[in-house]
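A.B. asks: What follows is a single structure, and I will ask about it in a moment.
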Amino acid sequence: MSEETIPLRKDIPASDKWDLTALYADDRECKADLDEIPALTEKLLSFKGHLADGPETLLEALKVREAADRIQERLGTYVRLLNGTGDNVPEWLENGGATIDKYDAAVSFWEPELCAIADDKLQAWIQDKAFDDYRVYIQKLLHDKPHIRIEEEDSLGTIGYWSPEMDKLGDKAAKGLCTIEEDFLSTISYWSHKLGDKATKELGSIHVDGKDLPLTRRTFGEFLGNPDRAVRKEAASRFYAAFIPHADTIANIYAGLVRENISHARARRYKSSLEAALYKDNIPVSVYKNLIATVSANLAPLHKYYSFYKRVMVLDELHRYDINMPLVPEPESKTSYEEAVEIVRSALAPLGREYTDLLCGGLLGGWCDRYKNKGKEKGSFAYFCYDGHPFILLNYEESDPYAVYKMAHEGGHAMHHWYSARSNPFMSWRPAEFESEVASIFNEELLFKYFMKNAKDDAMKKKLLSQRMFRISSCLYDFTRRAEFELAVNKKGEGGYPMSTGELRTLYRGLMEKYYGSEMVFEEEIDLWDRLTSMDDLYIPFYRYQHAIGMVAAIALAKKVTEGGLEERDAYINFLKSGGSHYPLENLRIAGVDMETNEPFQAACDRVKSLVDQLDALL
């Protein structure tokens, strides 16, 4: 669909949009929620200094906190969904941000004051049945207590890492050095995007099919998917080179972030920045390291997969700009939205009628915003709050070979949160981020198995295997590579050894060579581009490894469910229902996967080897 043919939002039929009345029937209801927050803020402030007065007082305070947080979650979801589709957010709602900010500032006393209550006293209070909806929340807070500063905190200190080039990037107001993590991360986000935009602002255009198309940070990916290798090479060469003048700035941005990670961990008495990132979800450091060790020991199938590109495309050299092309040409085909829903229904049948009826009913009903419109966010996502139903944003295209996978993937997120919200109290309903990709990739695995089972010929099987390996390579291997880089740099920093621009580049390039193998030839500047475009991953330290872990767990669970019976299916559904009632590793054990052993990691690597061997036999 060309830009000229993309319809306006107002021209999209209501049946193709998500139903926001599940959140608010009209503006009046939304305003009523927003108007309630100031009163709840004042009421909550009345408990300041009194949380330890007794269980009755604490319970009353918890109910006020729950009511306010629930409204905020609903309002935040509503604004996010309006922004996602390009709908106008009413001015009164935009201005409501000040109301939310006042509430957030008011509740800063909450955790330190709760943690100041003696553990044995608090544990005794929450045994009362009246605390059923809050028990898990408080128990997790007690888990975090050793690393929460109970006394009034001073600033963690400013992060002095600024480079002179940042002054030249404009908007000096955004430059303010940061004194707390949230401001620091916001500033890092601002500057990484600002730098990326500056570096790629004037790259000119590339001649494609009789047209001069602009090369920008946002169109770069489209050029990498062009079947003309000369076009891909020109785009990559120009794009990568744009980052050379900014090498030191990129390194300084990342080094500042690493220093903040270490400062945060030490200020809160963690053994390392890695432990600080994993502690809240009760994840042992050994799980992170086991991922890296096992994947590193099983890179041969990935290297073999990349060698296919060089052989099949008859290339003298294989470059990164070659591997976004389908290894096996995609035959032209179209799948309507309604047909895709029925494919998803059939593929996910092992999960039972309740699951498929709920999901497919939502996809055909008000859960999904289906098609492109001008101003709508690209890509796809699923969004949820405790109230209402899940919301799925797609930009569905009938000719997109991955369209059904995207639907199944986002549907997995939606159903995970649907079950969690309906099985847990508000204060402990959300699954941990660690689990976020398990249910979505699980659905991808079931869809792939369904497609392979029903493939009519070897050509279709080759296409399916190629698609799946592209997905696994970008998730399991790329994210593990980034995890290994992040761990190495933080270790150096914790040892008091700051890494220079050259050392950071050398380390990152070495890992790229390790993971991609000897067949790949890298441009000199590629580590700069890859590091910057990965910067989004680093706003939350040690974040992306969770997607690789999600794939490991999903592969193990899909095998159990498809090869098992009702017991395995029910165990998986119970995992979806667990939400925040347990820590992530406990939730996965409910489903039958122990992530503290090597078994699921090795099984995922063995699965990759099987896929590559099947593809090799067909190629």
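Naming works like this for the structure tokens: A, B, ... for the chains as they're shown, residue 1 at the start of each chain, ligands 1 onward in shown order.
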I'd like the contact shell of region 16-20 of chain A - 8 Å cut-off, only C-alpha atoms, skipping same-chain residues fewer than 4 positions apart - returned as a list in words.
C.D. replies: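 So the residues in contact are Ile12, Tyr24, Ala25, Tyr78, Gly365, Gly366, Trp367, Cys368, Asp369, Arg370, Tyr371, Phe391 and Ile392 of chain A.
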A.B. asks: So which bits of region 229-422 of chain A end up alpha helix (DSSP H) when you DSSP the backbone, as a VMD selection string?
C.D. replies: chain A and resid 229 to 241 247 to 267 273 to 279 285 to 296 300 to 312 337 to 347 353 to 364 403 to 421
A.B. asks: Can you tell me, as a PyMOL selection string, what residues are no more than 12 Å from Met313 (chain A) when counting only C-alpha atoms, ignoring any on the same chain fewer than 4 positions away?
C.D. replies: chain A and resi 227-229+306-309+317-319+322-323+325-329+619
A.B. asks: For CA of His409 (chain A) and CA of Leu447 (chain A), determine how far apart the two atoms are, in Å to one decimal place.
C.D. replies: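 One can read the CA of His409 (chain A) to CA of Leu447 (chain A) distance as 9.4 Å.
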A.B. asks: Determine the nearest neighbour of Ile244 (chain A) from the options A:Cys115, A:Ile526, A:Ala32, A:Leu476, counting only C-alpha atoms.
C.D. replies: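 Going through A:Cys115, A:Ile526, A:Ala32, A:Leu476 one by one, the smallest distance to Ile244 (chain A) is for A:Ile526.
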A.B. asks: Between CA of Ala340 (chain A) and CA of Thr562 (chain A), what is the distance in Å, rounded to a tenth?
C.D. replies: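 So the two atoms, CA of Ala340 (chain A) and CA of Thr562 (chain A), lie 20.8 Å apart.
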